[in-house]
>>> print(open('query32.txt').read())   # compact mmCIF, C-alpha atoms
# COMPACT_ATOMS: atom_id res chain seq x y z
CA MET U 13 0.00 0.00 0.00
CA ALA U 14 2.75 2.38 0.97
CA LYS U 15 4.71 1.60 -2.15
CA LYS U 16 1.73 2.38 -4.31
CA GLN U 17 1.42 5.84 -2.71
CA TYR U 18 5.08 6.55 -3.26
CA PHE U 19 4.80 6.01 -6.96
CA ALA U 20 1.65 8.06 -7.40
CA SER U 21 2.36 11.29 -9.29
CA ALA U 22 0.09 13.63 -7.30
CA PRO U 23 1.87 15.33 -4.30
CA GLY U 24 -1.11 14.46 -2.09
CA ALA U 25 -0.17 10.83 -2.37
CA TYR U 26 2.77 11.26 0.03
CA ASN U 27 2.15 10.19 3.60
CA ASN U 28 0.87 12.77 6.06
CA ALA U 29 4.12 13.58 7.83
CA ASN U 30 5.81 14.32 4.53
CA THR U 31 3.05 16.58 3.29
CA ASN U 32 3.18 18.66 6.48
CA GLN U 33 6.90 19.17 6.11
CA ARG U 34 6.49 20.28 2.54
CA ALA U 35 3.80 22.75 3.47
CA ARG U 36 6.05 24.37 6.06
CA ALA U 37 9.07 24.71 3.81
CA PRO U 38 9.32 28.07 1.95
CA LYS U 39 8.14 28.04 -1.62
CA ARG U 40 10.91 27.68 -4.12
CA PHE U 41 11.53 30.74 -6.31
CA ASN U 42 10.03 30.42 -9.74
CA ALA U 43 11.29 32.92 -12.31
CA LEU U 44 8.27 32.39 -14.53
CA ASP U 45 5.77 33.20 -11.79
CA PRO U 46 5.33 37.00 -11.56
CA LYS U 47 4.11 36.71 -7.97
CA SER U 48 7.15 34.72 -6.87
CA CYS U 49 9.60 36.76 -4.78
CA HIS U 50 13.28 36.13 -5.33
CA PRO U 51 15.23 35.36 -2.12
CA PHE U 52 17.65 38.18 -2.94
CA ASP U 53 14.85 40.71 -3.34
CA ASP U 54 14.46 41.76 0.29
CA ASN U 55 18.11 42.40 0.94
CA THR U 56 18.98 43.91 -2.40
CA GLN U 57 16.72 46.84 -1.62
CA GLN U 58 18.66 47.56 1.53
CA ALA U 59 21.99 47.24 -0.23
CA ASN U 60 20.84 49.60 -2.94
CA GLN U 61 19.95 52.19 -0.36
CA SER U 62 23.31 52.06 1.31
CA ILE U 63 25.07 52.28 -2.05
CA LYS U 64 23.09 55.41 -2.80
CA THR U 65 23.95 57.21 0.40
CA THR U 66 27.56 56.15 0.79
CA GLN U 67 28.55 54.71 -2.59
CA GLN U 68 30.91 52.51 -0.70
CA SER U 69 29.38 49.68 1.21
CA PHE U 70 27.65 46.73 -0.31
CA GLU U 71 26.22 44.26 2.08
CA SER U 72 24.05 41.33 1.22
CA ILE U 73 22.66 38.84 3.68
CA VAL U 74 20.63 35.88 2.52
CA VAL U 75 18.88 33.65 5.00
CA LYS U 76 17.33 30.57 3.46
CA ASP U 77 15.40 27.65 4.92
CA SER U 78 16.51 28.62 8.41
CA CYS U 79 15.06 29.56 11.77
CA ASP U 80 16.23 31.39 14.91
CA VAL U 81 18.74 33.40 12.91
CA GLU U 82 19.94 36.64 14.43
CA VAL U 83 21.73 39.15 12.25
CA THR U 84 23.36 42.28 13.63
CA THR U 85 24.87 44.92 11.40
CA THR U 86 24.69 47.97 13.67
CA ASN U 87 28.38 48.79 13.52
CA THR U 88 28.26 49.22 9.79
CA GLN U 89 25.38 51.62 10.25
CA ALA U 90 27.28 53.70 12.80
CA ALA U 91 30.27 53.80 10.49
CA VAL U 92 28.11 54.75 7.53
CA ASN U 93 26.65 57.64 9.53
CA VAL U 94 30.09 58.97 10.39
CA GLN U 95 31.07 58.60 6.76
CA ILE U 96 28.05 60.54 5.57
CA GLY U 97 28.87 63.27 8.08
CA LEU U 98 32.43 63.45 6.80
CA GLN U 99 31.35 63.58 3.18
CA ALA U 100 28.85 66.30 3.97
CA ALA U 101 31.52 68.30 5.78
CA ILE U 102 33.93 67.99 2.84
CA ALA U 103 31.22 69.13 0.44
CA LEU U 104 30.26 71.97 2.78
CA ILE U 105 33.77 73.30 3.23
CA ILE U 106 34.49 73.16 -0.49
CA SER U 107 31.23 74.93 -1.28
CA ILE U 108 32.06 77.66 1.23
CA SER U 109 35.57 78.05 -0.14
CA VAL U 110 34.76 78.04 -3.84
CA ALA U 111 32.38 80.77 -4.85
CA ASP U 112 31.37 79.18 -8.15
CA SER U 113 28.92 76.47 -7.09
CA ASP U 114 29.33 74.43 -10.29
CA ARG U 115 33.06 74.35 -9.78
CA ALA U 116 32.63 73.41 -6.11
CA GLU U 117 30.44 70.51 -7.12
CA GLU U 118 33.02 69.39 -9.67
CA ILE U 119 35.82 69.48 -7.13
CA THR U 120 33.80 67.50 -4.60
CA GLN U 121 32.85 64.94 -7.23
CA ASP U 122 36.46 64.69 -8.33
CA LEU U 123 37.64 64.01 -4.80
CA TYR U 124 34.94 61.44 -4.11
CA GLU U 125 35.56 59.65 -7.37
CA LYS U 126 39.19 59.23 -6.54
CA ILE U 127 38.47 58.03 -3.04
CA LYS U 128 35.59 55.85 -4.12
CA THR U 129 37.68 53.45 -6.13
CA THR U 130 39.54 52.35 -3.02
CA GLN U 131 36.47 52.19 -0.89
CA ILE U 132 34.12 49.66 -2.35
CA ASN U 133 33.38 46.97 0.13
CA HIS U 134 31.53 43.80 -0.61
CA GLN U 135 30.17 41.71 2.17
CA GLN U 136 28.05 38.70 1.51
CA THR U 137 26.62 36.33 4.05
CA TYR U 138 24.69 33.28 3.04
CA ILE U 139 22.88 31.17 5.61
CA GLU U 140 21.10 28.08 4.43
CA ASN U 141 19.33 25.32 6.30
CA SER U 142 20.56 26.49 9.70
CA ARG U 143 19.04 26.85 13.12
CA GLY U 144 20.10 29.09 15.99
CA VAL U 145 22.73 31.03 14.07
CA GLN U 146 23.99 34.39 15.28
CA VAL U 147 25.74 36.62 12.77
CA THR U 148 27.43 39.90 13.57
CA THR U 149 29.05 41.70 10.68
CA THR U 150 31.57 44.37 11.47
CA ASP U 151 32.69 46.32 8.49
CA THR U 152 36.23 47.14 9.51
CA ASP U 153 37.01 48.54 6.08
CA ILE U 154 34.45 51.25 6.52
CA ALA U 155 36.11 52.36 9.77
CA VAL U 156 39.36 52.76 7.86
CA ASN U 157 37.43 54.61 5.17
CA ALA U 158 36.11 57.04 7.74
CA GLN U 159 39.70 57.63 8.78
CA ILE U 160 40.69 58.32 5.18
CA LEU U 161 37.81 60.75 4.70
CA LEU U 162 38.81 62.51 7.91
CA GLN U 163 42.34 62.88 6.56
CA VAL U 164 40.96 64.35 3.35
CA LEU U 165 38.82 66.77 5.35
CA LEU U 166 41.77 67.85 7.49
CA ALA U 167 43.95 68.27 4.41
CA ILE U 168 41.36 70.54 2.78
CA VAL U 169 40.83 72.55 5.93
CA ALA U 170 44.57 73.05 6.31
CA ARG U 171 45.00 74.13 2.68
CA LEU U 172 42.13 76.56 2.64
CA ASN U 173 43.35 78.13 5.86
CA LEU U 174 39.88 77.86 7.29
CA LEU U 175 40.72 77.19 10.90
CA MET N 5 40.17 40.52 14.77
CA SER N 6 43.24 42.47 15.68
CA ASP N 7 43.71 46.19 16.04
CA GLN N 8 45.49 46.33 12.74
CA ASN N 9 42.27 45.71 10.91
CA ASN N 10 40.84 48.91 12.28
CA LYS N 11 43.86 51.09 12.62
CA MET N 12 46.31 51.58 9.86
CA PRO N 13 49.88 50.63 10.68
CA GLU N 14 52.10 53.66 11.14
CA ASP N 15 54.12 53.32 7.93
CA LEU N 16 50.94 52.93 5.94
CA GLN N 17 49.51 55.96 7.69
CA VAL N 18 52.44 58.06 6.48
CA VAL N 19 51.95 56.84 2.91
CA SER N 20 48.22 57.39 3.16
CA ASN N 21 48.74 60.94 4.41
CA LYS N 22 51.06 61.67 1.50
CA VAL N 23 48.64 60.20 -1.00
CA ILE N 24 45.79 62.25 0.39
CA ASP N 25 47.88 65.43 0.41
CA LEU N 26 48.75 64.79 -3.20
CA LEU N 27 45.15 63.97 -4.07
CA VAL N 28 43.86 67.20 -2.55
CA ASP N 29 46.70 69.26 -4.05
CA THR N 30 46.26 67.94 -7.57
CA THR N 31 42.49 68.23 -7.44
CA PHE N 32 42.73 71.84 -6.30
CA LYS N 33 45.35 72.58 -8.91
CA LYS N 34 43.24 70.97 -11.63
CA HIS N 35 40.33 73.23 -10.73
CA ASP N 36 42.58 76.21 -10.23
CA VAL N 37 41.65 76.84 -6.61
CA LYS N 38 43.76 79.60 -5.12
CA LEU N 39 44.82 78.83 -1.59
CA GLN N 40 43.75 81.12 1.21
CA GLU N 41 41.24 82.78 -1.01
CA THR N 42 38.56 82.08 1.53
CA GLN N 43 37.06 84.91 3.43
CA VAL N 44 34.83 83.55 6.13
CA ASP N 45 33.82 85.39 9.25
CA ASP N 46 34.99 84.27 12.67
CA GLU N 47 31.66 82.80 13.66
CA THR N 48 31.57 80.48 10.66
CA LYS N 49 35.19 79.62 11.27
CA ASN N 50 34.40 78.59 14.82
CA GLN N 51 31.43 76.55 13.70
CA LEU N 52 33.52 74.75 11.12
CA LYS N 53 36.22 74.13 13.68
CA GLU N 54 33.70 72.56 16.02
CA LEU N 55 32.31 70.47 13.20
CA VAL N 56 35.73 69.11 12.27
CA GLU N 57 36.52 68.38 15.91
CA ASP N 58 33.20 66.55 16.37
CA LEU N 59 33.86 64.45 13.30
CA GLN N 60 37.34 63.65 14.56
CA LYS N 61 35.81 62.44 17.80
CA SER N 62 33.23 60.33 15.94
CA VAL N 63 35.91 58.60 13.90
CA LYS N 64 37.97 57.94 17.02
CA SER N 65 35.03 56.50 18.92
CA LEU N 66 34.10 54.39 15.92
CA GLN N 67 37.53 52.84 15.89
CA LYS N 68 37.46 52.29 19.64
CA HIS N 69 34.01 50.75 19.34
CA ASN N 70 35.15 48.35 16.64
CA ASN N 71 38.22 47.36 18.60
CA ASN N 72 36.16 46.63 21.68
CA ASP N 73 33.79 44.47 19.72
CA ASN N 74 36.43 42.23 18.26
>>> encode(input="query32.txt", output="structure tokens")
Amino acid sequence: MAKKQYFASAPGAYNNANTNQRARAPKRFNALDPKSCHPFDDNTQQANQSIKTTQQSFESIVVKDSCDVEVTTTNTQAAVNVQIGLQAAIALIISISVADSDRAEEITQDLYEKIKTTQINHQQTYIENSRGVQVTTTDTDIAVNAQILLQVLLAIVARLNLL
Amino acid sequence: MSDQNNKMPEDLQVVSNKVIDLLVDTTFKKHDVKLQETQVDDETKNQLKELVEDLQKSVKSLQKHNNNDN
């Protein structure tokens, strides 16, 4: 009897315990189904946002088929905030110092572009089929980046004889 | 993780300072920025000074924070 069920093509033919397990498991992504949400979708949005504001940090965390997973990324956030502050200060000081606003913008862009190339940080965490996992990501690169931006700021301030 | 991940080693710091000096110098030169052309009043100067000091503190505390965590 059991063998007969196993060979049946309909999913309902599996025994009860199996069917329950299947129902609980997340639905597999189907590219052809417009309603199907890709596992990367949720996190990509967040990464996009941080790229926009900082243009430096790319972080992607994928949690799949797992439970009791704790992810902490607060340090990156703190570092990003400091970085934004530094970038704003650099832009501000240049805009104060250079009367022509178009030129000020160009100078700021120029500086950022040159710094940017050394500052891209990729961080990818993939958790699959895990239980009770605790992940803390500390973006040490971004702390160094904040230091570099601070040096740039100090160099500009010194050159423009602002302080 | 060790301290070195968060703080640059001293020799690298010297190189990094030079690179940044050069970067700022060449960028200013490229855009023909005359040094000391800025005329800001004392109040703005003080505000900017405070801002830079605050940011310096933030960066320092960030590094301390990261070191403590690791």
>>> atom_distance(input="query32.txt", atom1="CA of Val63 (chain N)", atom2="CA of Asp29 (chain N)")
23.5 Å
>>> closest_residue(input="query32.txt", among="U:Cys79, U:Val74, U:Ile102, U:Ile119", to="Val169 (chain U)", atoms="all atoms listed in the file")
U:Ile102
>>> atom_distance(input="query32.txt", atom1="CA of Val164 (chain U)", atom2="CA of Asp25 (chain N)")
7.6 Å
>>> closest_residue(input="query32.txt", among="U:Ile106, U:Ala111, U:Ala91, U:Leu123", to="Lys64 (chain N)", atoms="all atoms listed in the file")
U:Ala91
>>> interface_residues(input="query32.txt", of="chain U", to="chain N", cutoff="7 Å", atoms="all atoms listed in the file", output="list in words")
Ala91, Val94, Leu98, Ser109, Ile119, Leu123, Thr152, Ala155, Val156, Ala158, Gln159, Leu162, Val164, Ala167, Ile168, Arg171, Leu172, Asn173, Leu174 and Leu175 of chain U
>>> atom_distance(input="query32.txt", atom1="CA of Ile139 (chain U)", atom2="CA of Val81 (chain U)")
8.7 Å
>>> closest_residue(input="query32.txt", among="U:Ala43, U:Ala103, U:Asp114, U:Asn141", to="Leu165 (chain U)", atoms="all atoms listed in the file")
U:Ala103
>>> axis_aligned_box(input="query32.txt", around="region 29-37 of chain N", padding_each_side="4 Å", output="JSON")
{"center_x": 43.5, "center_y": 72.4, "center_z": -7.8, "size_x": 14.4, "size_y": 16.9, "size_z": 15.6}
